[in-house]
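What follows is structure_27.cif (mmCIF, C-alpha atoms).
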```cif
data_upload
loop_
_atom_site.label_atom_id
_atom_site.label_comp_id
_atom_site.auth_asym_id
_atom_site.auth_seq_id
_atom_site.Cartn_x
_atom_site.Cartn_y
_atom_site.Cartn_z
CA MET H 1 53.14 63.25 283.92
CA LYS H 2 54.90 65.27 281.21
CA VAL H 3 52.98 67.77 279.08
CA SER H 4 53.76 65.67 276.02
CA ASP H 5 51.87 62.77 277.66
CA VAL H 6 48.71 64.77 278.41
CA ARG H 7 45.86 63.63 276.18
CA VAL H 8 43.18 66.21 275.46
CA GLY H 9 39.84 65.37 273.85
CA VAL H 10 37.99 68.29 272.30
CA LEU H 11 34.43 67.06 272.01
CA PHE H 12 32.25 68.08 269.09
CA ILE H 13 28.88 67.42 267.54
CA GLU H 14 27.03 69.28 264.79
CA GLY H 15 27.17 73.02 265.38
CA THR H 16 30.17 73.29 267.72
CA ASN H 17 32.92 75.73 266.75
CA CYS H 18 36.57 76.54 267.49
CA GLU H 19 37.32 72.84 268.06
CA ASP H 20 40.13 72.90 265.48
CA GLU H 21 41.68 75.99 267.03
CA SER H 22 41.42 74.50 270.51
CA VAL H 23 43.15 71.31 269.40
CA ALA H 24 45.87 73.39 267.72
CA TYR H 25 46.42 75.49 270.84
CA PHE H 26 46.70 72.53 273.19
CA ARG H 27 49.18 71.05 270.71
CA ALA H 28 51.06 74.37 270.55
CA LEU H 29 51.61 73.99 274.31
CA GLY H 30 52.96 70.49 273.81
CA ALA H 31 49.95 68.30 274.68
CA ARG H 32 48.49 65.46 272.60
CA ALA H 33 45.14 66.83 271.56
CA GLU H 34 42.50 65.57 269.15
CA LYS H 35 38.95 66.28 268.16
CA VAL H 36 36.55 63.56 269.23
CA HIS H 37 32.93 63.30 268.14
CA LEU H 38 30.37 62.42 270.80
CA LYS H 39 29.42 59.31 268.79
CA GLN H 40 33.01 58.08 269.08
CA LEU H 41 32.54 58.04 272.86
CA THR H 42 29.07 56.51 272.84
CA GLY H 43 30.08 53.69 270.49
CA ASP H 44 27.81 54.78 267.63
CA VAL H 45 30.65 54.52 265.11
CA PRO H 46 32.67 51.74 263.43
CA LYS H 47 34.86 50.02 266.01
CA ALA H 48 38.13 51.45 264.67
CA MET H 49 36.89 54.99 265.31
CA ALA H 50 35.63 54.39 268.86
CA ARG H 51 37.28 56.16 271.79
CA LYS H 52 36.87 55.92 275.55
CA LEU H 53 36.47 59.00 277.71
CA GLU H 54 38.93 57.52 280.19
CA ASP H 55 41.61 57.64 277.45
CA TYR H 56 41.78 61.41 277.90
CA ASP H 57 43.26 63.52 280.71
CA ILE H 58 41.36 66.70 279.81
CA LEU H 59 37.93 66.97 278.21
CA MET H 60 37.08 70.21 276.46
CA ILE H 61 33.62 71.17 275.29
CA PRO H 62 34.02 74.03 272.84
CA GLY H 63 31.71 76.87 271.92
CA GLY H 64 29.26 77.20 269.09
CA PHE H 65 25.60 76.45 268.61
CA ALA H 66 25.50 72.72 269.21
CA ALA H 67 22.50 71.06 267.57
CA GLY H 68 21.33 74.52 266.54
CA ASP H 69 20.92 75.55 270.19
CA TYR H 70 17.30 74.47 269.77
CA ILE H 71 15.20 74.10 272.94
CA ARG H 72 17.83 76.05 274.97
CA ALA H 73 21.48 76.84 274.38
CA GLY H 74 23.48 73.66 274.90
CA ALA H 75 20.46 71.61 276.03
CA ILE H 76 20.52 68.96 273.31
CA PHE H 77 24.29 68.40 273.51
CA ALA H 78 23.99 68.21 277.30
CA ALA H 79 21.13 65.72 277.21
CA ARG H 80 22.97 63.44 274.79
CA LEU H 81 26.12 63.66 276.88
CA LYS H 82 24.39 63.22 280.21
CA TRP H 83 22.02 60.39 279.39
CA LYS H 84 24.39 58.38 277.19
CA LEU H 85 27.69 58.85 279.02
CA SER H 86 26.54 59.41 282.56
CA LYS H 87 28.82 56.92 284.31
CA ASP H 88 31.91 57.66 282.17
CA LEU H 89 31.48 61.38 282.79
CA THR H 90 30.95 60.99 286.51
CA ASP H 91 34.01 58.73 286.76
CA PHE H 92 36.06 61.23 284.75
CA VAL H 93 35.10 64.13 287.00
CA GLU H 94 35.48 62.15 290.22
CA ALA H 95 38.98 61.09 289.12
CA GLY H 96 39.86 64.80 289.29
CA LYS H 97 40.40 65.19 285.56
CA PRO H 98 39.68 68.69 284.19
CA VAL H 99 36.55 69.40 282.15
CA PHE H 100 36.76 72.70 280.31
CA GLY H 101 33.62 74.27 278.83
CA VAL H 102 33.81 77.43 276.74
CA CYS H 103 30.76 79.52 275.85
CA ASN H 104 28.29 76.95 274.49
CA GLY H 105 30.41 74.40 276.35
CA PHE H 106 29.69 76.27 279.60
CA GLN H 107 25.97 76.12 278.75
CA VAL H 108 26.34 72.37 278.12
CA LEU H 109 28.00 71.81 281.52
CA VAL H 110 25.25 73.76 283.29
CA GLU H 111 22.43 72.01 281.44
CA ALA H 112 24.05 68.63 282.14
CA GLY H 113 24.14 69.35 285.87
CA LEU H 114 27.96 69.31 286.08
CA LEU H 115 28.04 72.99 287.04
CA PRO H 116 27.72 74.41 289.62
CA GLY H 117 27.53 70.89 291.05
CA LEU H 118 26.36 71.93 294.50
CA GLY H 119 24.14 68.87 294.83
CA GLY H 120 26.68 66.33 293.61
CA THR H 121 29.08 65.54 290.77
CA MET H 122 26.31 65.63 288.16
CA THR H 123 22.91 66.67 289.43
CA GLU H 124 19.74 65.02 288.12
CA THR H 125 18.31 68.37 286.97
CA PRO H 126 20.13 71.65 286.23
CA GLU H 127 20.89 73.91 289.20
CA ALA H 128 21.33 77.00 287.02
CA VAL H 129 20.67 78.24 283.52
CA LEU H 130 22.43 80.49 281.03
CA ALA H 131 19.48 82.57 279.93
CA ILE H 132 19.06 85.06 277.10
CA ASN H 133 21.09 88.25 277.58
CA ASP H 134 19.19 91.20 279.01
CA SER H 135 19.71 92.98 275.69
CA GLY H 136 17.70 90.22 273.99
CA HIS H 137 20.37 89.63 271.36
CA TYR H 138 23.80 88.25 270.56
CA GLU H 139 26.67 90.21 272.12
CA CYS H 140 30.12 89.98 270.53
CA ARG H 141 33.00 92.07 271.86
CA PRO H 142 36.08 91.93 274.09
CA THR H 143 35.21 91.72 277.77
CA LEU H 144 37.35 92.22 280.86
CA LEU H 145 37.38 89.35 283.34
CA LYS H 146 38.81 89.63 286.83
CA GLN H 147 40.13 86.47 288.44
CA VAL H 148 38.42 86.50 291.83
CA SER H 149 38.95 82.97 293.13
CA ARG H 150 41.45 81.95 295.75
CA GLY H 151 43.00 79.72 293.10
CA GLY H 152 41.71 76.36 294.20
CA ASN H 153 40.72 75.21 290.75
CA ALA H 154 42.48 73.59 287.83
CA PHE H 155 42.25 76.52 285.41
CA VAL H 156 43.84 79.55 287.06
CA SER H 157 47.20 78.53 288.48
CA LYS H 158 48.74 80.86 285.85
CA VAL H 159 46.27 83.69 286.53
CA PRO H 160 46.92 85.38 289.89
CA ARG H 161 43.95 86.59 291.91
CA GLY H 162 42.98 90.13 290.85
CA ARG H 163 44.47 89.88 287.38
CA VAL H 164 42.19 91.09 284.59
CA LEU H 165 42.11 89.19 281.30
CA LYS H 166 40.72 90.56 278.08
CA VAL H 167 38.64 87.76 276.56
CA ILE H 168 36.30 87.78 273.60
CA ALA H 169 32.60 87.32 274.38
CA ALA H 170 30.25 86.02 271.69
CA HIS H 171 26.94 84.77 272.98
CA ALA H 172 23.20 85.38 273.13
CA GLU H 173 22.62 83.25 276.23
CA GLY H 174 25.22 84.18 278.84
CA LYS H 175 23.14 85.40 281.74
CA ILE H 176 23.67 82.93 284.53
CA LEU H 177 20.64 82.57 286.77
CA PHE H 178 19.99 80.46 289.84
CA PRO H 179 16.56 79.60 291.25
CA ARG H 180 15.16 82.96 292.36
CA GLU H 181 13.97 81.76 295.73
CA ARG H 182 17.44 80.38 296.58
CA GLU H 183 19.68 82.83 294.74
CA LYS H 184 21.30 84.40 297.82
CA LYS H 185 21.92 81.04 299.44
CA VAL H 186 23.40 79.60 296.23
CA LEU H 187 25.70 82.59 295.77
CA LYS H 188 26.88 82.36 299.36
CA GLU H 189 27.64 78.70 298.89
CA LEU H 190 29.49 79.32 295.60
CA LEU H 191 31.67 81.95 297.26
CA GLU H 192 32.38 79.78 300.30
CA ASN H 193 33.38 76.93 297.97
CA ASP H 194 35.57 79.30 295.88
CA GLN H 195 33.58 78.44 292.76
CA VAL H 196 33.23 81.94 291.29
CA VAL H 197 36.36 82.25 289.16
CA PHE H 198 35.97 85.21 286.81
CA ARG H 199 33.67 88.24 287.02
CA TYR H 200 33.03 90.93 284.41
CA VAL H 201 34.59 94.29 285.26
CA ASP H 202 34.97 97.67 283.59
CA ASP H 203 38.23 99.29 282.45
CA ARG H 204 38.97 100.36 286.04
CA GLY H 205 38.39 96.90 287.46
CA ARG H 206 34.99 97.74 288.96
CA TYR H 207 32.04 95.36 288.76
CA ALA H 208 29.90 97.15 286.21
CA GLY H 209 26.70 96.60 284.29
CA TYR H 210 26.03 96.63 280.59
CA PRO H 211 27.96 96.85 278.30
CA TRP H 212 30.92 95.72 280.44
CA CYS H 213 28.85 92.76 281.55
CA PRO H 214 27.31 91.78 278.22
CA SER H 215 24.52 89.60 279.57
CA GLY H 216 23.27 90.86 282.91
CA ALA H 217 24.71 87.74 284.57
CA THR H 218 24.02 87.27 288.28
CA TYR H 219 26.90 88.77 290.34
CA ASN H 220 28.71 89.53 287.03
CA ILE H 221 29.73 85.87 286.86
CA ALA H 222 31.68 85.02 283.70
CA ALA H 223 33.18 81.71 284.84
CA LEU H 224 32.39 79.10 287.46
CA SER H 225 33.93 75.87 288.67
CA ASN H 226 32.47 72.90 290.53
CA PRO H 227 33.28 72.59 294.26
CA ALA H 228 36.25 70.29 293.53
CA GLY H 229 37.64 72.83 291.06
CA ASN H 230 38.14 70.50 288.11
CA VAL H 231 35.01 71.31 286.11
CA PHE H 232 35.17 74.83 284.73
CA GLY H 233 32.85 76.80 282.48
CA ILE H 234 33.70 80.19 281.04
CA GLN H 235 31.33 82.25 278.91
CA PRO H 236 33.77 84.34 276.80
CA HIS H 237 36.22 82.51 274.52
CA PRO H 238 39.81 82.20 275.83
CA GLU H 239 40.83 80.36 272.64
CA ARG H 240 39.91 83.43 270.61
CA CYS H 241 42.70 85.36 272.31
CA PHE H 242 45.24 82.56 272.64
CA PHE H 243 47.88 84.50 270.69
CA ALA H 244 48.59 88.21 271.14
CA TYR H 245 47.77 88.88 267.50
CA LEU H 246 44.23 87.63 268.09
CA HIS H 247 43.56 90.51 270.48
CA PRO H 248 41.67 93.25 268.66
CA ASP H 249 43.93 95.96 270.12
CA TRP H 250 47.35 94.35 269.67
CA THR H 251 48.57 97.32 267.63
CA ARG H 252 48.29 99.44 270.81
CA GLU H 253 49.20 96.73 273.29
CA GLY H 254 52.71 95.50 272.63
CA GLY H 255 52.54 94.02 269.17
CA PRO H 256 51.45 90.73 267.64
CA GLY H 257 54.17 88.47 269.08
CA GLY H 258 53.74 85.93 271.85
CA LEU H 259 50.76 84.51 273.66
CA GLY H 260 47.50 86.33 274.42
CA ASP H 261 45.45 86.49 277.60
CA GLY H 262 43.45 83.33 276.92
CA SER H 263 46.53 81.11 276.79
CA ALA H 264 46.95 81.27 280.59
CA ILE H 265 43.80 79.18 281.06
CA PHE H 266 45.04 76.46 278.71
CA GLN H 267 48.46 76.52 280.41
CA SER H 268 46.87 76.29 283.84
CA ALA H 269 44.87 73.19 282.88
CA LEU H 270 47.97 71.47 281.53
CA SER H 271 50.00 72.47 284.56
CA TYR H 272 47.28 71.05 286.87
CA VAL H 273 47.34 67.70 285.06
CA THR H 274 51.13 67.42 284.98
CA ARG H 275 51.30 68.14 288.71
CA LYS H 276 48.42 65.90 289.73
CA PHE H 277 48.92 62.77 287.61
CA MET F 1 -1.13 59.87 270.53
CA ARG F 2 -0.26 63.53 270.24
CA ALA F 3 0.67 65.81 273.12
CA ARG F 4 1.07 69.55 273.21
CA VAL F 5 3.70 70.86 275.63
CA GLU F 6 3.89 74.53 276.56
CA ILE F 7 7.13 75.71 278.15
CA HIS F 8 6.58 78.91 280.13
CA LEU F 9 9.07 81.15 281.87
CA LYS F 10 8.41 81.22 285.60
CA LYS F 11 6.92 84.33 287.11
CA GLY F 12 9.61 86.93 287.71
CA VAL F 13 12.08 85.56 285.13
CA ALA F 14 13.06 88.18 282.55
CA ASP F 15 11.61 87.58 279.10
CA PRO F 16 13.65 89.72 276.65
CA GLU F 17 11.82 88.22 273.65
CA GLY F 18 8.43 89.13 275.08
CA GLU F 19 9.64 92.60 276.06
CA ASN F 20 11.06 93.23 272.59
CA VAL F 21 7.84 92.10 270.93
CA LEU F 22 5.90 94.40 273.27
CA LYS F 23 8.14 97.30 272.32
CA ALA F 24 7.80 96.53 268.59
CA LEU F 25 4.02 96.26 268.81
CA LYS F 26 3.84 99.64 270.54
CA LEU F 27 6.11 101.14 267.89
CA LEU F 28 3.71 99.80 265.26
CA GLY F 29 0.92 101.70 266.94
CA PHE F 30 -0.77 98.94 268.97
CA SER F 31 -1.13 101.21 271.95
CA SER F 32 -3.59 98.93 273.75
CA VAL F 33 -1.04 96.15 274.26
CA GLY F 34 -0.21 95.87 277.95
CA GLY F 35 2.09 92.85 278.06
CA VAL F 36 3.61 90.08 275.96
CA ARG F 37 5.02 86.80 277.20
CA SER F 38 6.85 84.34 274.96
CA ILE F 39 5.95 80.65 275.29
CA LYS F 40 7.57 77.74 273.50
CA VAL F 41 5.22 75.00 272.25
CA PHE F 42 6.09 71.48 271.10
CA GLU F 43 3.62 69.07 269.52
CA ILE F 44 4.90 65.56 270.08
CA ASP F 45 3.59 62.35 268.53
CA VAL F 46 4.23 59.22 270.56
CA ALA F 47 3.45 55.51 270.20
CA GLU F 48 1.83 55.26 273.64
CA ARG F 49 -1.89 54.45 273.44
CA THR F 50 -3.26 55.85 276.70
CA THR F 51 -3.42 59.39 278.03
CA ALA F 52 -1.67 58.40 281.26
CA LYS F 53 1.25 56.70 279.51
CA THR F 54 1.58 59.55 277.03
CA ARG F 55 1.63 62.08 279.85
CA GLY F 56 4.22 60.00 281.71
CA ALA F 57 6.48 59.90 278.67
CA ILE F 58 6.14 63.64 278.06
CA VAL F 59 6.91 64.47 281.71
CA GLU F 60 10.13 62.44 281.36
CA MET F 61 10.99 64.34 278.15
CA CYS F 62 10.44 67.65 279.96
CA ARG F 63 12.63 66.52 282.82
CA LYS F 64 15.47 65.30 280.62
CA LEU F 65 15.48 67.93 277.91
CA LEU F 66 12.58 70.24 277.20
CA ALA F 67 12.46 72.37 280.39
CA ASN F 68 15.04 73.76 282.78
CA PRO F 69 13.38 73.88 286.22
CA VAL F 70 15.44 76.93 287.21
CA ILE F 71 13.38 79.14 284.88
CA HIS F 72 10.61 77.04 283.36
CA ASP F 73 7.18 75.68 284.17
CA TYR F 74 5.47 73.41 281.67
CA ARG F 75 1.93 72.45 280.81
CA ILE F 76 1.03 69.25 278.98
CA LYS F 77 -2.16 68.64 277.03
CA VAL F 78 -2.69 65.19 275.56
CA GLU F 79 -5.00 65.24 272.55
CA GLY F 80 -8.42 64.23 273.76
CA GLY F 81 -7.33 64.70 277.41
CA ARG F 82 -7.39 67.67 279.77
CA ALA F 83 -4.59 70.24 280.11
CA SER F 84 -2.43 69.58 283.17
CA THR F 85 -1.70 72.21 285.74
CA PRO F 86 1.76 73.76 285.28
CA ARG F 87 4.58 71.51 286.48
CA ARG F 88 7.45 72.97 288.40
#
```

Reformat the file's structure so that it appears as structure tokens.
Amino acid sequence: MKVSDVRVGVLFIEGTNCEDESVAYFRALGARAEKVHLKQLTGDVPKAMARKLEDYDILMIPGGFAAGDYIRAGAIFAARLKWKLSKDLTDFVEAGKPVFGVCNGFQVLVEAGLLPGLGGTMTETPEAVLAINDSGHYECRPTLLKQVSRGGNAFVSKVPRGRVLKVIAAHAEGKILFPREREKKVLKELLENDQVVFRYVDDRGRYAGYPWCPSGATYNIAALSNPAGNVFGIQPHPERCFFAYLHPDWTREGGPGGLGDGSAIFQSALSYVTRKF
Amino acid sequence: MRARVEIHLKKGVADPEGENVLKALKLLGFSSVGGVRSIKVFEIDVAERTTAKTRGAIVEMCRKLLANPVIHDYRIKVEGGRASTPRR
């Protein structure tokens, strides 16, 4: 498949954000991207507006505060997605198509049971949670993310192992937690499956605590994939550093021209699809 | 019928909201306060007419949306009924 044939759906409901930017960036890389409202996929719209999930090659769930983040971050969006589109979503994931969740989108994937996905494609109940940051408040700043996976997933073919990306974090609920009584076992399994993709590091590449890790996340995890590597959730926002001029320190780091660190994740997803389909 | 659902954090899960309230209360001079835990409460009106059916519906709501079993327990009290033991 050529990049110009890749169809990207950026899913939104009330309260999501950066969906317009994400569509623009996928288009900037040559893909056919559009915003799609959840109701367009569930058929709760006039027929002419309806879409099918299977019509897309990549599904992106952007950041924001979907449905006000009431109950828990991402929980309402996840419940609507999971209980109304269960079969379509499962088919999409099992076909190997990439699902890309950013920030609130990561929370949605976890709440929906699509990540970490240890118990199946989409588990009945969540296997993890993105809980309130240890600081108790919203944290917004650039973070440093080290690519630690062996590269078996759809989102890092353009990010070599060990490379550190500077990506903008903006969240109040980014602390990934697993069931306490099984935490060690879950972590071991995630590492064996190559599911831990990015970890927060300090300016020397060391795994460090606050403020380098803004949330207190277990094992400094900033991004996870499912065991198959095609569902990916990342807490900081790669779209907010898609171009070099979006980096807060571009005046010191080579000027405003060209692409920024976050673009490599978008490029990797497109590259995966063009190679696979 | 009306049900009251309390969503608790499980023992050992960090509660930054509770800790911050504790800190604020101490700063305000409430020196006797020893601990604060935050709990989320929903009051839900349903069309079911029996306690058992109401409880069944609320359990399903907790499972599908209101609680995340990784960090939450929940307790349901149906108006006129008895409070349940925490569900895990």

Please identify all residues of chain H having at least one atom at most 9 Å from any atom of chain F, considering all atoms listed in the file, and return them as a ChimeraX atom specification.
/H:71-72,75-76,78-79,83,111,124-129,131-137,177-180

Quick one: which residues end up in the PyMOL selection byres ((chain F and resi 54) around 12) for this structure, as a list of chain:residue names?
F:Met1, F:Arg2, F:Ala3, F:Arg4, F:Val5, F:Ile44, F:Asp45, F:Val46, F:Ala47, F:Glu48, F:Arg49, F:Thr50, F:Thr51, F:Ala52, F:Lys53, F:Arg55, F:Gly56, F:Ala57, F:Ile58, F:Val59, F:Glu60, F:Met61, F:Ile76, F:Lys77, F:Val78, F:Glu79, F:Gly80, F:Gly81

Would you write out, as a list in words, every residue that the PyMOL selection byres ((chain H and resi 265) around 8) captures in this file?
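Applying the expression gives Phe155, Val156, Lys158, Val159, Pro238, Gly262, Ser263, Ala264, Phe266, Gln267, Ser268 and Ala269 of chain H.
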
Could you turn the residues from that selection into a file that holds C-alpha atoms, as a PDB file, keeping the file's coordinate frame?
```pdb
ATOM      1  CA  PHE H 155      42.250  76.520 285.410  1.00  0.00           C
ATOM      2  CA  VAL H 156      43.840  79.550 287.060  1.00  0.00           C
ATOM      3  CA  LYS H 158      48.740  80.860 285.850  1.00  0.00           C
ATOM      4  CA  VAL H 159      46.270  83.690 286.530  1.00  0.00           C
ATOM      5  CA  PRO H 238      39.810  82.200 275.830  1.00  0.00           C
ATOM      6  CA  GLY H 262      43.450  83.330 276.920  1.00  0.00           C
ATOM      7  CA  SER H 263      46.530  81.110 276.790  1.00  0.00           C
ATOM      8  CA  ALA H 264      46.950  81.270 280.590  1.00  0.00           C
ATOM      9  CA  PHE H 266      45.040  76.460 278.710  1.00  0.00           C
ATOM     10  CA  GLN H 267      48.460  76.520 280.410  1.00  0.00           C
ATOM     11  CA  SER H 268      46.870  76.290 283.840  1.00  0.00           C
ATOM     12  CA  ALA H 269      44.870  73.190 282.880  1.00  0.00           C
TER      13      ALA H 269
END
```

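With CA of Val231 (chain H) on one side and CA of Gly258 (chain H) on the other, the separation reads 27.7 Å.
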
In Å to one decimal, how far is CA of Ala112 (chain H) from CA of Asp69 (chain H)?
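Going from CA of Asp69 (chain H) over to CA of Ala112 (chain H) covers 14.2 Å.
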
Rank nothing, just name the residue among H:Lys82, H:Lys47, H:Lys185, H:His237 nearest to Gly101 (chain H), using all atoms listed in the file.
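Closest to Gly101 (chain H), using all atoms listed in the file: H:His237.
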
If you measure from CA of Gly162 (chain H) to CA of Val196 (chain H), what distance in Å do you get, rounded to one decimal?
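Between these atoms lies a distance of 12.7 Å.
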
Of the candidates H:Gly9, H:Gly15, H:Gly119, H:Gly209, which one gets nearest to Asp57 (chain H) if we count all atoms listed in the file?
H:Gly9

Need the shell around Ala33 (chain H): protein/DNA/RNA residues with any atom at most 6 Å away, counting only C-alpha atoms. Skip same-chain ones fewer than 2 positions apart. Format as a list in words?
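Selected residues are Arg7, Val8, Gly9, Val23, Arg27 and Ala31 of chain H.
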
Rank nothing, just name the residue among H:Phe65, H:Phe77, H:Phe92, H:Phe243 nearest to Asn104 (chain H), using only C-alpha atoms.
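Smallest distance to Asn104 (chain H) is found for H:Phe65.
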
How big is the axis-aligned box around the listed atoms of region 258-271 of chain H once 4 Å is added on each side, and where is its centre? Give both in Å to one decimal, as lines of an AutoDock Vina configuration file.
```
center_x = 48.6
center_y = 79.0
center_z = 278.2
size_x = 18.3
size_y = 23.0
size_z = 20.7
```
